[in-house]
Amino acid sequence: MKKNVLLIPVCLLLLAFMPATAHSQGFLKKLKQKVENAVVGTDEPEENADEEGEEGESGNGTPTPADKIPKLRIATSSWDEMIQPSKASTVKALLNELPALPTVAAMVTPTEEARASYYRKIVAVDMRVEELDEANTCSDDEMLAARDKLYQEMAGVVGLTVEEMKRLEDPNLPEAEKEQLAAKVKNSMITDSEMDKLTAMSAELEKREKAKGGKLSDEEMMQFVSENPDALNDLTAVAARSMETASKAQALNARFDKLNRQLQRVSEKQKQLAKQNEGVITSCEKIAGDYENKLKKIYKQIFATEDREEIEKLYAQADELMKNYRTRAAKLWRNSLQAQLDEAKALLPELEGVYAEMAKEEMIPACAVNRASYNLVTCFTDILNKAYSDFPQPSVLPVQMEPMLEFKKHEYLWWPESGFASSVTDFLSNSRILVYDSEEKARYVYENGRRRKLTDKDPRDFQPTTPRVKPPYNTWTSESGVRKVTYTRDGSVTLHDGTSFYPLAFQQVDNKLVWVIVRDNSIVKCTYKL
C-alpha cells in the first residue's frame, strides 16, 4: 500500500448529490427541481441559478483531501565514500550544518579538496533526512486510521457507511453497485414516497398556474397548502434534512478549502523557486557567445595537432578565454543560487504552518507533518549541489566530441544501465540504454546499438551485462605539468579550466582521456589530450 495516499475524495460524491441554494416564489416546484438535480444530475435553467454565488468554495467547488502527504524528495547530491550521517534532529539544525555556497573564485577554478569538503557536508545532511523521515513517517495503520476518521465524519453527511465509502475507492467497482450507493445517498435525503408526493404536488401546482395563466397569489398558495397538510409535513422534513446536510457539507468544504488554497500558494511558490535559474542560464549563454567563436577555433587547432608544445600554447590561450567567461558567469550563477536559498528559507515557516494546520484539522495524520519540512531541506541541498553540477558551460568545450548514438527527437534518456560496467570502446555492446518515447508513451531499450520496445516480460530493474568496476577516481597531469584533470567522488571529471563532465564510462588511452556522456539527446564520446 502506498503510504502517501491518504484519502479518496468521496466529497465529490457528496457534492454530486448536494442541492444548491436557490430562492423563488414557487417553493414546491423549486424543491422538487433541486431534489431531481441532486439525484439525477439535471442542470438547472440559468434563470434559476444561485444569485448569491459560492463564496468560500474552491475553483471546482470540491474539497480534495487526497494525497496531501508529499512523497519524500530524492536528493541529487552524491559523494562516493563512507560518510557519517549528520546527528541533527531538527530542520533548523540540519540547515545549520549545510555549507555556504562556494565563492565565485571556487566556482571558477574548483579544487578536489574544496569539493570533497562541500559534498561531504551536503550528503551527511541528505542521509540524516532519510533517517529522520524513516523514523517519523506514518505506518500503514496510521494512514488507514486517519482515512477512516475522515470517512466517519463524512458518513453523517453523505448517508453512506465507512465501509461503503471504502468500496468507492475501487476503480473496478461495478456500475450496478455504484448505482446502489447513489440510490442510498438519495434516500438519505428524500425517500421514494416523499419524492412521489413532491412530484404529485408539483404537477398539481403547475396545472393550477397553467389554468390561471400565471403564478398563484399568496392566498391561493395558502389554500393549496391547506389541501395537502400531510404532504406539506413530509416536504418540510425533506427541506430540513436538506438544509442540515448542506450545512454539514459546507462546513466540511470550508474547512478543506481554506487549507487547499494555502497549500496551493505554497506549492506555486515552490514551482517558481525551481524556475529561477532559467533566466540566469539564458544570460550565461549570451556571455558565452562572446567567447565561443574564438574557443572553437583554438580547440580545432588542438585536435588537429600532436605537437605537445603547440598543444600547451593553444590551451593557455583557451584557458584565458574560459577563465574570463567563468568569472562573469559565476557571479550571476552564485547570486541566483543564493536568492533561491534565501527564498526557500523564507518559505519554511509558511510551509510548516500549513502542514501543522492540516494535521490540526485532521486532513493528514500528525505523523506526516515533518515530511514537507524534510523535503524543503532536500530542496536546499539540491540548490547547493547545482553550484558545481549545473554550472552553465559554453557549448564549445575543450574536448573532441563524437556522437556514438543519437536518440529520436521525441525520446528521452531514462537510465543508462551500464554505469561504469564497461570501457568506452565497447560501451554500446556492453550496455543497455533505456529511453522513454513521449509520442508512443512507451519505453524502449538500445542493446548493442539496436532499439527495441520493452514489454511486460522485461525486468523493471536491469542488471549490468558485465561486472561493475569502481570508477577510476584519480588525478592526471599533462606532460608539461601545467594542466590537471581530476575525477572526483561526486562523479565528475573536472578539467584544468574548471569545465566538468559526468561520464557514463571512462578510460585512459595513451596520452588521452576518453569518456562517454549524454549531450543534446545523444550518447557522445569525449576525448581530451593531456
# chains A, B, ... in the order shown; residues from 1 in each chain; ligands from 1

$ closest_atom_pairs --of "range 244-359 of chain A" --to "range 396-416 of chain A" --cutoff "9 Å" --atoms "only C-alpha atoms" --output "tab-separated table"
residue	atom	partner	partner_atom	distance
A:Ala288	CA	A:Val396	CA	8.9
A:Glu292	CA	A:Val396	CA	5.9
A:Asn293	CA	A:Val396	CA	8.3
A:Leu295	CA	A:Val396	CA	6.7
A:Lys296	CA	A:Val396	CA	6.0
A:Tyr299	CA	A:Pro398	CA	6.1
A:Lys300	CA	A:Gln400	CA	8.5
A:Ile302	CA	A:Pro398	CA	8.8
A:Phe303	CA	A:Gln400	CA	6.8
A:Tyr315	CA	A:Pro398	CA	8.4
A:Ala318	CA	A:Pro398	CA	8.2

$ write_last_selection --atoms "C-alpha atoms" --output "CSV table (one decimal), in the first residue's frame"
chain,number,residue,atom,x,y,z
A,288,ALA,CA,29.4,32.6,-23.7
A,292,GLU,CA,32.7,30.6,-28.3
A,293,ASN,CA,34.0,31.5,-31.8
A,295,LEU,CA,37.4,28.9,-28.4
A,296,LYS,CA,36.1,26.9,-31.3
A,299,TYR,CA,40.1,23.8,-29.9
A,300,LYS,CA,40.0,22.8,-33.6
A,302,ILE,CA,44.4,21.5,-30.7
A,303,PHE,CA,42.5,18.5,-32.0
A,315,TYR,CA,45.4,25.5,-24.2
A,318,ALA,CA,41.8,28.9,-24.5

$ atom_distance --atom1 "CA of Asp497 in chain A" --atom2 "CA of Ala106 in chain A"
11.8 Å

$ residues_around --residues "range 449-460 of chain A" --least-positions-apart "6" --cutoff "10 Å" --atoms "only C-alpha atoms" --output "list in words"
Met404, Leu405, Glu406, Phe407, Phe427, Leu428, Ser429, Asn430, Ser431, Arg432, Ile433, Leu434, Val435, Tyr436, Asp437, Ala442 and Arg443 of chain A

$ write_last_selection --atoms "C-alpha atoms" --output "PDB file, in the first residue's frame"
ATOM      1  CA  MET A 404      28.001   7.367 -30.652  1.00  0.00           C
ATOM      2  CA  LEU A 405      24.231   7.018 -30.554  1.00  0.00           C
ATOM      3  CA  GLU A 406      21.571   9.587 -31.395  1.00  0.00           C
ATOM      4  CA  PHE A 407      18.074   9.230 -29.993  1.00  0.00           C
ATOM      5  CA  PHE A 427      30.231   0.879 -24.271  1.00  0.00           C
ATOM      6  CA  LEU A 428      27.355   0.256 -26.651  1.00  0.00           C
ATOM      7  CA  SER A 429      27.891  -3.502 -26.861  1.00  0.00           C
ATOM      8  CA  ASN A 430      28.059  -3.906 -23.093  1.00  0.00           C
ATOM      9  CA  SER A 431      25.329  -1.549 -22.019  1.00  0.00           C
ATOM     10  CA  ARG A 432      21.599  -1.122 -22.301  1.00  0.00           C
ATOM     11  CA  ILE A 433      20.321   2.391 -22.832  1.00  0.00           C
ATOM     12  CA  LEU A 434      16.772   2.858 -21.604  1.00  0.00           C
ATOM     13  CA  VAL A 435      14.708   5.660 -23.179  1.00  0.00           C
ATOM     14  CA  TYR A 436      11.140   6.905 -22.994  1.00  0.00           C
ATOM     15  CA  ASP A 437       9.258   7.646 -26.223  1.00  0.00           C
ATOM     16  CA  ALA A 442       6.352   3.645 -24.206  1.00  0.00           C
ATOM     17  CA  ARG A 443       9.782   2.523 -23.022  1.00  0.00           C
TER      18      ARG A 443
END

$ closest_residue --among "A:Asp426, A:Glu320, A:Asp192, A:Glu268" --to "Leu351 in chain A" --atoms "only C-alpha atoms"
A:Glu268

$ closest_residue --among "A:Thr103, A:Thr499, A:Asn172, A:Gln180" --to "Lys484 in chain A" --atoms "only C-alpha atoms"
A:Thr499

$ residues_around --residues "Ser77 in chain A" --least-positions-apart "5" --cutoff "9 Å" --atoms "only C-alpha atoms" --output "NGL selection string"
:A and (119 or 122-123 or 126 or 381-382 or 384-386 or 389 or 490)

$ write_last_selection --atoms "all heavy atoms" --output "CSV table (one decimal), in the first residue's frame"
chain,number,residue,atom,x,y,z
A,119,TYR,N,30.8,18.5,-0.5
A,119,TYR,CA,29.8,17.5,-0.7
A,119,TYR,C,29.6,16.5,0.5
A,119,TYR,O,28.5,16.0,0.7
A,119,TYR,CB,30.2,16.6,-2.0
A,119,TYR,CG,29.7,17.3,-3.3
A,119,TYR,CD1,30.6,17.9,-4.1
A,119,TYR,CD2,28.3,17.3,-3.6
A,119,TYR,CE1,30.1,18.6,-5.3
A,119,TYR,CE2,27.9,17.9,-4.7
A,119,TYR,CZ,28.8,18.6,-5.6
A,119,TYR,OH,28.3,19.2,-6.7
A,122,ILE,N,27.0,18.1,2.6
A,122,ILE,CA,25.7,18.0,1.9
A,122,ILE,C,25.1,16.6,2.1
A,122,ILE,O,24.0,16.4,2.5
A,122,ILE,CB,25.7,18.5,0.5
A,122,ILE,CG1,26.1,20.0,0.3
A,122,ILE,CG2,24.4,18.2,-0.2
A,122,ILE,CD1,26.3,20.4,-1.1
A,123,VAL,N,25.9,15.6,1.7
A,123,VAL,CA,25.4,14.3,1.7
A,123,VAL,C,25.1,13.8,3.1
A,123,VAL,O,24.2,13.0,3.4
A,123,VAL,CB,26.5,13.3,1.0
A,123,VAL,CG1,26.1,11.9,1.2
A,123,VAL,CG2,26.6,13.7,-0.5
A,126,ASP,N,21.7,15.0,3.7
A,126,ASP,CA,20.8,14.2,3.0
A,126,ASP,C,20.5,12.8,3.6
A,126,ASP,O,19.4,12.3,3.7
A,126,ASP,CB,21.3,14.0,1.5
A,126,ASP,CG,21.1,15.2,0.7
A,126,ASP,OD1,20.2,16.0,0.9
A,126,ASP,OD2,21.9,15.4,-0.3
A,381,THR,N,19.7,21.3,-0.3
A,381,THR,CA,20.8,20.5,-0.7
A,381,THR,C,20.9,20.4,-2.2
A,381,THR,O,22.0,20.5,-2.8
A,381,THR,CB,20.9,19.1,-0.1
A,381,THR,OG1,19.8,18.4,-0.5
A,381,THR,CG2,20.8,19.2,1.5
A,382,ASP,N,19.7,20.4,-2.8
A,382,ASP,CA,19.7,20.3,-4.3
A,382,ASP,C,20.2,21.6,-4.9
A,382,ASP,O,20.9,21.6,-5.9
A,382,ASP,CB,18.3,20.0,-4.8
A,382,ASP,CG,17.9,18.5,-4.6
A,382,ASP,OD1,18.8,17.7,-4.2
A,382,ASP,OD2,16.8,18.2,-4.8
A,384,LEU,N,22.3,23.7,-3.5
A,384,LEU,CA,23.8,23.7,-3.2
A,384,LEU,C,24.5,22.8,-4.2
A,384,LEU,O,25.6,23.2,-4.7
A,384,LEU,CB,24.1,23.3,-1.8
A,384,LEU,CG,23.6,24.2,-0.7
A,384,LEU,CD1,23.7,23.6,0.7
A,384,LEU,CD2,24.4,25.5,-0.7
A,385,ASN,N,23.9,21.7,-4.5
A,385,ASN,CA,24.5,20.8,-5.5
A,385,ASN,C,24.7,21.4,-6.8
A,385,ASN,O,25.7,21.2,-7.6
A,385,ASN,CB,23.7,19.5,-5.6
A,385,ASN,CG,24.2,18.5,-6.6
A,385,ASN,OD1,25.4,18.2,-6.6
A,385,ASN,ND2,23.4,18.1,-7.5
A,386,LYS,N,23.8,22.3,-7.2
A,386,LYS,CA,23.8,22.9,-8.6
A,386,LYS,C,25.0,23.8,-8.7
A,386,LYS,O,25.4,24.1,-9.9
A,386,LYS,CB,22.6,23.7,-8.8
A,386,LYS,CG,21.3,22.9,-9.0
A,386,LYS,CD,20.1,23.8,-9.1
A,386,LYS,CE,18.8,23.0,-9.2
A,386,LYS,NZ,17.6,23.9,-9.4
A,389,SER,N,27.5,21.1,-10.2
A,389,SER,CA,27.0,20.2,-11.2
A,389,SER,C,26.2,20.8,-12.3
A,389,SER,O,26.3,20.3,-13.4
A,389,SER,CB,26.0,19.2,-10.5
A,389,SER,OG,24.8,19.8,-10.0
A,490,ASP,N,32.1,12.9,-6.6
A,490,ASP,CA,30.7,13.3,-6.9
A,490,ASP,C,30.4,12.9,-8.3
A,490,ASP,O,29.3,13.2,-8.8
A,490,ASP,CB,30.6,14.8,-6.8
A,490,ASP,CG,31.4,15.6,-7.8
A,490,ASP,OD1,32.4,15.1,-8.3
A,490,ASP,OD2,31.0,16.8,-8.1

$ closest_residue --among "A:Ser226, A:Ala344, A:Lys441, A:Tyr291" --to "Lys271 in chain A" --atoms "only C-alpha atoms"
A:Ala344

$ atom_distance --atom1 "CA of Glu362 in chain A" --atom2 "CA of Phe256 in chain A"
9.8 Å

$ residues_around --residues "range 87-96 of chain A" --least-positions-apart "2" --cutoff "7 Å" --atoms "only C-alpha atoms" --output "MDAnalysis selection string"
chainID A and resid 85 98 125 373:374 377

$ closest_residue --among "A:Val424, A:Ala359, A:Leu348, A:Leu150" --to "Val509 in chain A" --atoms "only C-alpha atoms"
A:Val424

$ atom_distance --atom1 "CA of Arg147 in chain A" --atom2 "CA of Ala75 in chain A"
29.3 Å

$ closest_residue --among "A:Phe391, A:Tyr355, A:Tyr502, A:Phe380" --to "Arg334 in chain A" --atoms "only C-alpha atoms"
A:Phe391
